[in-house]
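Structure file model23.cif (mmCIF, C-alpha atoms) follows.
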data_input
#
loop_
_atom_site.label_atom_id
_atom_site.label_comp_id
_atom_site.auth_asym_id
_atom_site.auth_seq_id
_atom_site.Cartn_x
_atom_site.Cartn_y
_atom_site.Cartn_z
CA MET A 15 153.78 120.35 65.95
CA HIS A 16 155.23 119.20 69.27
CA LEU A 17 158.89 118.41 69.90
CA VAL A 18 159.98 116.75 73.16
CA VAL A 19 163.57 115.87 74.02
CA VAL A 20 164.01 114.26 77.44
CA ASP A 21 166.49 111.66 76.38
CA PRO A 22 168.82 109.96 78.88
CA GLY A 23 169.24 107.16 76.33
CA VAL A 24 170.70 109.46 73.66
CA GLY A 25 173.17 107.59 71.47
CA SER A 26 171.75 104.19 72.39
CA ALA A 27 169.63 101.81 70.31
CA ARG A 28 166.38 103.58 71.30
CA ALA A 29 164.57 104.90 68.23
CA GLY A 30 163.64 108.44 67.37
CA LEU A 31 160.01 108.81 66.34
CA VAL A 32 157.57 111.04 64.58
CA ILE A 33 153.96 110.22 65.48
CA GLU A 34 151.16 111.67 63.38
CA THR A 35 147.73 112.05 64.97
CA GLU A 36 144.53 113.59 63.66
CA ASP A 37 145.58 116.98 64.99
CA TYR A 38 149.36 117.09 65.47
CA PHE A 39 152.81 115.74 64.79
CA PHE A 40 154.85 114.60 67.81
CA VAL A 41 158.62 114.24 67.53
CA GLY A 42 160.81 112.70 70.22
CA PRO A 43 162.69 109.64 71.48
CA ASP A 44 160.94 106.32 71.88
CA ASN A 45 161.43 106.18 75.65
CA GLY A 46 157.89 106.88 76.88
CA VAL A 47 158.25 110.65 77.07
CA LEU A 48 155.35 111.09 74.61
CA SER A 49 152.96 108.88 76.60
CA TRP A 50 150.97 111.59 78.35
CA ALA A 51 150.88 113.89 75.31
CA LEU A 52 149.39 111.11 73.20
CA THR A 53 146.65 110.31 75.71
CA GLY A 54 143.32 110.85 73.96
CA GLN A 55 144.97 111.31 70.55
CA LYS A 56 143.99 109.16 67.59
CA VAL A 57 147.26 107.98 66.05
CA ARG A 58 147.42 107.82 62.27
CA ALA A 59 151.02 106.79 61.68
CA VAL A 60 154.30 106.18 63.48
CA HIS A 61 157.65 106.52 61.71
CA ARG A 62 161.21 105.99 62.87
CA LEU A 63 163.65 108.84 62.26
CA GLU A 64 166.16 107.13 59.95
CA ASN A 65 166.53 109.36 56.87
CA GLU A 66 169.97 110.83 57.55
CA ARG A 67 169.65 113.16 54.56
CA LEU A 68 167.23 115.20 56.66
CA PHE A 69 169.50 115.36 59.74
CA LEU A 70 172.21 117.86 60.59
CA THR A 71 175.45 115.99 60.04
CA PRO A 72 177.62 114.77 61.52
CA VAL A 73 175.09 113.45 64.06
CA SER A 74 176.44 113.83 67.59
CA ARG A 75 176.04 110.82 69.88
CA THR A 76 175.03 113.16 72.71
CA PHE A 77 172.93 115.85 70.97
CA HIS A 78 170.14 114.22 68.96
CA GLY A 79 167.84 117.09 69.87
CA ARG A 80 169.95 119.38 67.70
CA ASN A 81 170.95 116.94 64.96
CA MET A 82 167.87 114.71 64.58
CA PHE A 83 164.72 115.81 66.38
CA GLY A 84 164.97 119.55 65.68
CA PRO A 85 165.59 119.10 61.95
CA ALA A 86 162.79 116.50 61.73
CA ALA A 87 160.32 118.93 63.31
CA ALA A 88 161.48 121.70 60.98
CA HIS A 89 160.99 119.53 57.89
CA LEU A 90 157.53 118.47 59.01
CA SER A 91 156.59 122.10 59.64
CA SER A 92 157.67 122.99 56.11
CA GLY A 93 155.41 120.32 54.61
CA VAL A 94 157.66 117.28 54.31
CA PRO A 95 155.50 114.16 54.88
CA CYS A 96 156.38 112.06 57.92
CA SER A 97 156.80 109.05 55.62
CA ALA A 98 159.93 110.74 54.23
CA LEU A 99 161.61 110.61 57.63
CA GLY A 100 161.81 106.83 57.88
CA PRO A 101 159.96 103.49 57.92
CA THR A 102 156.74 102.82 59.80
CA GLN A 103 156.68 101.33 63.28
CA SER A 104 153.60 99.68 64.78
CA LYS A 105 154.32 100.25 68.47
CA TRP A 106 156.02 102.74 70.73
CA ARG A 107 156.93 102.77 74.39
CA ARG A 108 154.17 103.88 76.76
CA LEU A 109 154.63 104.74 80.42
CA HIS A 110 151.99 103.80 82.94
CA TRP A 111 149.77 106.72 83.93
CA PRO A 112 147.60 106.09 87.02
CA ALA A 113 144.00 106.94 86.29
CA ALA A 114 141.78 108.83 88.71
CA LYS A 115 138.72 106.92 89.90
CA ARG A 116 135.26 108.40 90.40
CA GLN A 117 133.53 107.34 93.62
CA GLU A 118 130.04 108.16 94.85
CA ASP A 119 130.96 111.50 96.40
CA ALA A 120 134.66 111.88 95.62
CA ILE A 121 137.32 111.49 92.96
CA CYS A 122 140.24 109.34 94.12
CA GLY A 123 143.76 109.79 92.79
CA GLN A 124 147.34 109.81 93.92
CA VAL A 125 150.48 111.92 94.16
CA ILE A 126 152.58 111.48 91.02
CA TYR A 127 155.37 113.99 91.65
CA ILE A 128 156.95 115.99 94.47
CA ASP A 129 158.65 119.18 93.24
CA HIS A 130 161.67 120.81 94.88
CA PHE A 131 159.40 123.08 96.94
CA GLY A 132 157.74 120.03 98.49
CA ASN A 133 154.48 120.57 96.59
CA ALA A 134 152.66 117.32 95.80
CA ILE A 135 151.27 117.19 92.26
CA THR A 136 148.47 114.69 91.79
CA ASN A 137 146.87 112.95 88.80
CA LEU A 138 143.55 114.73 89.44
CA GLY A 139 142.86 117.05 86.57
CA GLU A 140 140.07 118.34 84.39
CA GLU A 141 137.44 115.87 85.57
CA ALA A 142 137.82 116.99 89.17
CA CYS A 143 138.06 120.65 88.17
CA ARG A 144 134.77 120.42 86.29
CA PHE A 145 132.88 119.71 89.51
CA ALA A 146 134.82 122.00 91.84
CA LYS A 147 132.91 124.25 94.24
CA SER A 148 134.12 127.04 96.47
CA ARG A 149 134.03 124.76 99.54
CA SER A 150 135.52 121.70 97.91
CA GLY A 151 137.96 119.78 100.07
CA VAL A 152 141.05 117.65 99.62
CA CYS A 153 141.23 114.49 101.70
CA LEU A 154 144.44 112.69 102.66
CA ALA A 155 144.51 109.43 104.62
CA GLY A 156 140.78 109.62 105.34
CA ARG A 157 140.82 113.19 106.64
CA VAL A 158 140.00 116.46 104.92
CA ARG A 159 143.29 118.23 105.34
CA CYS A 160 143.00 121.36 103.22
CA PRO A 161 140.56 123.55 101.29
CA LEU A 162 140.66 124.22 97.56
CA ARG A 163 141.77 127.78 96.80
CA ASN A 164 143.02 129.82 93.84
CA PHE A 165 146.54 130.62 95.09
CA TYR A 166 149.06 129.60 97.75
CA GLY A 167 148.65 132.70 99.91
CA ALA A 168 144.90 132.21 100.27
CA VAL A 169 145.60 130.33 103.51
CA PRO A 170 147.76 131.45 106.48
CA LEU A 171 151.48 130.67 106.53
CA GLY A 172 152.16 127.06 107.39
CA ARG A 173 148.69 125.87 106.44
CA PRO A 174 147.99 123.35 103.63
CA VAL A 175 146.00 124.24 100.53
CA GLY A 176 144.89 122.56 97.32
CA ILE A 177 145.22 124.54 94.08
CA TRP A 178 145.05 123.85 90.36
CA GLY A 179 148.71 124.06 89.29
CA SER A 180 150.24 125.25 86.03
CA SER A 181 149.92 121.75 84.53
CA GLY A 182 146.16 121.74 85.17
CA LEU A 183 146.53 119.11 87.89
CA LEU A 184 145.49 119.35 91.53
CA GLU A 185 148.46 120.31 93.67
CA ILE A 186 148.78 119.99 97.45
CA ALA A 187 150.92 122.74 98.93
CA VAL A 188 151.73 124.41 102.24
CA ASN A 189 151.95 128.19 102.24
CA GLY A 190 155.59 128.95 102.93
CA GLY A 191 156.49 125.32 103.61
CA SER A 192 156.76 121.78 102.26
CA ALA A 193 153.57 119.76 101.89
CA ALA A 194 155.63 116.59 101.52
CA ARG A 195 157.26 117.06 104.93
CA ARG A 196 154.28 118.60 106.72
CA LEU A 197 151.74 116.02 105.53
CA GLY A 198 154.02 113.03 105.01
CA LEU A 199 153.25 112.86 101.29
CA ARG A 200 155.23 110.86 98.76
CA VAL A 201 154.73 109.56 95.23
CA GLY A 202 151.83 107.10 95.37
CA SER A 203 150.09 108.71 98.38
CA THR A 204 146.30 108.55 98.04
CA VAL A 205 144.41 111.81 97.56
CA LYS A 206 140.64 112.21 97.51
CA PHE A 207 139.00 115.29 96.10
CA PHE A 208 135.45 116.11 97.23
CA PRO A 209 133.87 118.23 94.47
CA LYS A 210 130.92 119.12 96.70
CA PRO A 211 131.11 121.01 100.00
CA VAL A 212 132.36 118.78 102.80
CA PRO A 213 130.58 119.23 106.14
CA ARG A 214 132.72 120.09 109.16
CA ASN A 215 131.24 117.15 111.03
CA GLY A 216 130.22 114.06 109.14
CA GLN A 217 131.27 110.76 107.73
CA ARG A 218 132.76 110.46 104.25
CA ASN A 219 133.87 107.07 102.96
CA GLY A 220 134.25 105.69 106.46
CA GLY A 221 136.42 108.52 107.82
CA THR A 222 135.65 111.60 109.84
CA ALA A 223 135.94 114.83 107.87
CA ARG A 224 138.21 117.13 109.86
CA PRO A 225 139.55 120.19 108.06
CA SER A 226 142.94 121.18 109.42
#

With the file now loaded, output its structure as structure tokens.
Amino acid sequence: MHLVVVDPGVGSARAGLVIETEDYFFVGPDNGVLSWALTGQKVRAVHRLENERLFLTPVSRTFHGRNMFGPAAAHLSSGVPCSALGPTQSKWRRLHWPAAKRQEDAICGQVIYIDHFGNAITNLGEEACRFAKSRSGVCLAGRVRCPLRNFYGAVPLGRPVGIWGSSGLLEIAVNGGSAARRLGLRVGSTVKFFPKPVPRNGQRNGGTARPS
């Protein structure tokens, strides 16, 4: 059972959904917030949350997490079928998720989020991690700018580093600083991950590999 409530459209005409897959139930607003969670899941049924008898009433216009989504998740957990929560719906809103691309000697992705520390989270995840070596490198704008390490402090203060963050995605950071400011990164910036050791002097994809 998974319940997600990130809902700036609370109180509007957007639907509330319960989505049943082969393994889980997902409950949340139909605003795209479930897109990533449903990636790779085989959907069995989608139902709108419309059975007010199963809500906490009166339903607040600003607190559907408490009055609609929470109770729906609780009923599902206690064995109530999702069909009891409302009518079926054939589609739901999906947000675009940029896919990483495998190249001959690298995996190419992009920055998808900059956190308030200035760390750049990328869309490179398990596929890249599966091939990671101790001397793997992260390439930005055609140059190898940082090594892959297990924690931020594995490089000197002020130096960039690539780590696998808490979300399982490759993260570009600067020890004690902002990777976004230091490296000029923003959402959409291209990142290449070299799973194999990158030589200190050599050509990779038309650019000179120069660890910083």

Show which residues sit within 12 Å of stretch 64-72 of chain A, as a list of chain:residue names. Count all atoms listed in the file, and ignore same-chain residues fewer than 5 positions away.
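Residues near the query, excluding close chain neighbours: A:Arg28, A:Ala29, A:Gly30, A:Leu31, A:Val32, A:Phe77, A:His78, A:Gly79, A:Arg80, A:Asn81, A:Met82, A:Phe83, A:Gly84, A:Pro85, A:Ala86, A:Ala87, A:Ala88, A:His89, A:Leu90, A:Val94, A:Pro95, A:Cys96, A:Ser97, A:Ala98, A:Leu99, A:Gly100, A:Pro101, A:Thr102, A:Gln103.
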
Which value, in Å to one decimal, gives the distance between atom CA of A:Leu184 and atom CA of A:Thr53?
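Calculated distance between atom CA of A:Leu184 and atom CA of A:Thr53 is 18.3 Å.
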
In Å, with one decimal, what is the gap from atom CA of A:Val60 to atom CA of A:Val18?
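Between these atoms lies a distance of 15.4 Å.
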
Go through the shown structure with the PyMOL selection byres ((chain A and resi 109) around 9) and write out the matching residues as a ChimeraX atom specification.
/A:45-50,107-108,110-111

How would the residues just chosen look if you wrote them out with C-alpha atoms as an mmCIF file, keeping the file's coordinate frame?
data_model
loop_
_atom_site.group_PDB
_atom_site.id
_atom_site.type_symbol
_atom_site.label_atom_id
_atom_site.label_comp_id
_atom_site.auth_asym_id
_atom_site.auth_seq_id
_atom_site.Cartn_x
_atom_site.Cartn_y
_atom_site.Cartn_z
ATOM 1 C CA ASN A 45 161.430 106.180 75.650
ATOM 2 C CA GLY A 46 157.890 106.880 76.880
ATOM 3 C CA VAL A 47 158.250 110.650 77.070
ATOM 4 C CA LEU A 48 155.350 111.090 74.610
ATOM 5 C CA SER A 49 152.960 108.880 76.600
ATOM 6 C CA TRP A 50 150.970 111.590 78.350
ATOM 7 C CA ARG A 107 156.930 102.770 74.390
ATOM 8 C CA ARG A 108 154.170 103.880 76.760
ATOM 9 C CA HIS A 110 151.990 103.800 82.940
ATOM 10 C CA TRP A 111 149.770 106.720 83.930
#

Answer key for the PyMOL selection byres ((chain A and resi 193-207) around 7), residues as a PyMOL selection string:
chain A and resi 120-128+132-134+151-155+174+186-188+191-192+208-209

Once the PyMOL selection byres ((chain A and resi 75) around 9) is applied to the coordinates I shared, what remains selected? I want it as number ranges by chain.
A: 24-26, 73-74, 76-78

Proximity to A:Glu34 - best of A:Val57, A:Ala113, A:Leu183, A:Val175, all atoms listed in the file:
A:Val57

At what distance in Å, to one decimal, does atom CA of A:Trp106 lie from atom CA of A:Arg58?
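Answer for the atom CA of A:Arg58 to atom CA of A:Trp106 separation: 13.1 Å.
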
Select, from A:Met15, A:Val41, A:Ile33, A:Leu162, the residue with the minimum atom-to-atom distance to A:Gly179, counting all atoms listed in the file.
A:Leu162

Would you compute the box with edges along x, y and z of the file around stretch 152-166 of chain A, including every atom the file lists for it and 6 Å extra on each side, and give its centre and edge lengths in Å to one decimal, as lines of an AutoDock Vina configuration file?
center_x = 144.5
center_y = 120.0
center_z = 100.2
size_x = 21.1
size_y = 33.2
size_z = 24.8

Of the listed residues A:Ser104, A:Arg157, A:Leu138, A:Tyr166, that which approaches A:Gly182 most closely, counting all atoms listed in the file:
A:Leu138
